[in-house]
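Comments concern the structure below.
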Amino acid sequence: MKKVVKFGGSSLASAGQIKKAVEIIRSDASRRYVIPSAPGKRYSDDVKVTDLLYQCYDEAAAGRDITARIDRIKKRYVEIIEGLELDLDLTEEFEVIRDYFMRQAGRDYAASRGEYLNGLILSAYTGFRFIDPAKVICFDESGNFDSERTHAILREYLKSIEYAVIPGFYGAMPDGSIKTFSRGGSDITGSIVARAVRADVYENWTDVSGVLVTDPHIVSNPEVIETITYRELRELSYMGAQVLHEDAIFPVRKEGIPINIRNTNRPEDPGTMIVESTCRQPKYVITGIAGKKGFCAINIEKDMMNSELGFGRRVLQVFEENGISFEHMPSGIDTLTVLVHQSEFMEKEQTVIAGLHRTVFPDMIDMEGDLALIAVVGRGMKAKKGTAGQLFSALSHARVNIKMIDQGSSELNIIVGVRNEDFEAAIRAIYDVFVNAEKGL
Ligand code: ASP
């Protein structure tokens with residue numbers, strides 16, 4: 001057994017949290033490759049070290065004195081080192097960092113130091129070898145992640161190393177300069193390492209006991225999903241569920257390696273397994289519910305639209321020419337609706353209307369803003385009759401007016417459009433009927 005374990009910022013925010021993480025690592029000898037984030041928040045209005053580093057760098061770039069800011073960051077690490085009773089001195093490291101900041105080595109370099117220093121601490125505390133990702137995680141000249149080059153180098157490199165700490169979030173460009181992934185990118189590093197060592201599982205340790213059926217800000221204490229497929233997760237993440245970095249799925253997916261989301265504060269909880277495919281029946285018909293507000297529907301009406309060849313294409317072309325991507329496009333015989341993100345659409349609104357008039361000569365165009373989309377996702381829906389019926393009657397009981405319905409051809413999800421102000425009530429109603437009612441609540 002070989003496991004890659006990634007710990008998020010809140011799991012490594014203080015000496016106390018790091019002790020928990022290391023206990024988890026030590027309790028299973030197959031946990032061989034450790035990917036740390038930078039220290040995150042210790043309490044809700046604390047500041048992540050990554051943010052402190054960005055702020056500090058921006059001050060340096062503006063030519064201001066950064067002594068106090070550097071000291072604040074250093075203090076976070078010194079507290080951790082003392083709390084762990086480690087014999088480790090980061091004075092020289094901080095001198096180098098300060099020097100590089102003054103020489104404006106780049107924001108990516110600045111942000112990466114959070115993971116780098118936490119990696120040094122974890123390596124000293126566990127005795128696992130420290131590997132600087134600048135040597136093994138490669139970006140190309142344009143700053144894009146070079147997946148195949150990284151895979152080849154990392155695979156070879158790790159063949160002879162049994163236990164290692166590899167900081168998350170960054171790598172290097174061909175000229176050696178540091179490049180980071182986007183925020184939350186340590187999840188990607190973990191996935192890349194898991195692929196390279198052909199891990200049996202990629203454990204992603206965080207501060208929740210897995211992927212939740214829905215947003216806990218809307219439904220209190222939602223259930224944890226036991227098993228979810230990559231495809232289901234992608235649907236939910238796209239619609240706003242925050243679990244893993246979006247790009248973290250791809251490396252492990254290539255090798256069919258499952259991801260296990262776990263809670264550092266409750267290691268006894270099994271968490272959520274994210275898998276390629278499974279014959280395990282989900283506990284409920286639906287796996288998860290997610291949604292987003294802020295959409296706008298553009299309704300286009302024209303008699304005999306249905307028989308006009310190329311009508312849909314011409315409509316979409318107008319959106320394309322204005323740089324607006326569409327989310328959904330439900331249609332009737334003489335009507336067609338295009339759903340777009342309101343914020344993207346607003347400033348182009350009148351240009352798009354004019355473009356549509358010139359291109360497809362509609363009888364009428366009207367628009368409705370402030371809509372929300374809710375995705376009800378579940379591989380179990382395909383085999384079960386009446387899911388849509390249950391969903392719509394639940395919404396009608398909750399007095400939610402449905403503005404749009406779209407069922408993906410894979411029968412993996414049903415998307416409903418509602419008014420922004422009905423968003424929360426709609427999600428609660430869906431959760432009630434598919435989860436609470438099933439539990440007999
Ligand atoms: N520390 C980085 C961030 O705050 C990366 C990560 O934690 O994954 O975004």
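Identifiers in the structure tokens: chain A, B, ... in order shown; residue index from 1 per chain; ligand index from 1 in order shown.
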Worksheet entry | Contacts of A:Arg253 at 12 Å (only C-alpha atoms; same-chain gap of 2+ positions) as a list in words | Ile188, Ser191, Ile192, Ala194, Arg195, Arg198, Ala199, Val201, Tyr202, Thr229, Tyr230, Arg231, Arg234, Asp247, Ala248, Ile249, Phe250, Pro251, Glu255, Gly256, Ile257, Pro258, Ile259, Ile274, Val275, Glu276 and Ser277 of chain A
Worksheet entry | DSSP-assigned strand (DSSP E or B) among stretch 32-217 of chain A, expressed as number ranges by chain | A: 32-36, 129-130, 138-139, 145, 164-165, 170-172, 178-180, 201-206, 212
Determine, using only C-alpha atoms, which residues of stretch 99-191 of chain A have any atom at most 9 Å from an atom of stretch 17-29 of chain A, and tabulate each with its shortest atom pair and distance in Å to one decimal place, rows ordered by chain and then rising number, as a Markdown table.
| residue | atom | partner | partner_atom | distance |
| --- | --- | --- | --- | --- |
| A:Leu122 | CA | A:Ile18 | CA | 8.0 |
| A:Tyr125 | CA | A:Val22 | CA | 8.2 |
| A:Thr126 | CA | A:Val22 | CA | 7.1 |
Discussion item. Show me which residues are within 9 Å of ligand 1 counting only C-alpha atoms and all ligand atoms, and format the list as a ChimeraX atom specification.
Written reply: /A:7-10,36-40,48-51,111-112,114-115,168-170,180-189,245
Let me see the file: selected residues, C-alpha atoms, as a CSV table (one decimal), in the first residue's frame.
chain,number,residue,atom,x,y,z
A,7,PHE,CA,-2.8,18.5,4.4
A,8,GLY,CA,-4.7,21.7,3.9
A,9,GLY,CA,-3.8,25.0,5.6
A,10,SER,CA,-6.2,24.7,8.6
A,36,PRO,CA,1.7,20.4,3.0
A,37,SER,CA,-0.1,23.7,2.4
A,38,ALA,CA,1.0,26.9,4.0
A,39,PRO,CA,-0.3,27.5,7.6
A,40,GLY,CA,-3.9,28.6,7.2
A,48,LYS,CA,-3.5,32.8,6.0
A,49,VAL,CA,0.2,32.9,5.7
A,50,THR,CA,-0.2,32.9,1.9
A,51,ASP,CA,-2.1,36.1,2.1
A,111,ALA,CA,3.4,33.0,-2.2
A,112,SER,CA,5.3,29.8,-2.6
A,114,GLY,CA,4.4,29.6,2.7
A,115,GLU,CA,4.4,25.9,1.6
A,168,GLY,CA,2.3,21.9,-2.4
A,169,PHE,CA,1.2,24.8,-4.7
A,170,TYR,CA,4.3,25.5,-6.7
A,180,THR,CA,2.4,28.6,-8.5
A,181,PHE,CA,-0.8,27.1,-9.4
A,182,SER,CA,-3.9,29.2,-8.8
A,183,ARG,CA,-5.1,29.5,-5.2
A,184,GLY,CA,-5.8,26.2,-3.4
A,185,GLY,CA,-3.3,24.5,-5.8
A,186,SER,CA,-1.7,22.2,-3.2
A,187,ASP,CA,-4.6,19.9,-4.0
A,188,ILE,CA,-3.1,19.6,-7.5
A,189,THR,CA,0.4,18.9,-6.3
A,245,HIS,CA,-9.3,22.6,-6.5
Discussion item. Could you tell me how far atom CA of A:Val377 sits from atom CA of A:Phe326, in Å to one decimal place?
Written reply: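 Computing the Euclidean distance for atom CA of A:Phe326 and atom CA of A:Val377 yields 20.1 Å.
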Stretch 298-330 of chain A near stretch 383-405 of chain A within 12 Å: what's each residue's closest atom pair and its distance in Å to one decimal, counting only C-alpha atoms, ordered by chain then ascending residue number, as a Markdown table?
| residue | atom | partner | partner_atom | distance |
| --- | --- | --- | --- | --- |
| A:Asn299 | CA | A:Met404 | CA | 11.5 |
| A:His328 | CA | A:Met404 | CA | 9.6 |
| A:Met329 | CA | A:Met404 | CA | 9.8 |
| A:Pro330 | CA | A:Met404 | CA | 7.7 |
Practice prompt. Pick out each residue of stretch 116-266 of chain A that DSSP on the backbone tags as helix (DSSP H, G or I); I need them as number ranges by chain.
Written response: A: 116-126, 133-135, 147-159, 186-196, 230-238, 246-255
Worksheet item: Nearest to A:Asp89 among A:Val208, A:Ile121, A:Ile289, A:Leu339, with distances taken over only C-alpha atoms: which residue is it?
Response: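 Smallest distance to A:Asp89 is found for A:Ile121.
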Discussion item. When you count only C-alpha atoms, which of these residues is closest to A:Asn420: A:Glu368, A:Glu246, A:Asp432, A:Asp200?
Written reply: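 Selected residue with least distance to A:Asn420: A:Glu368.
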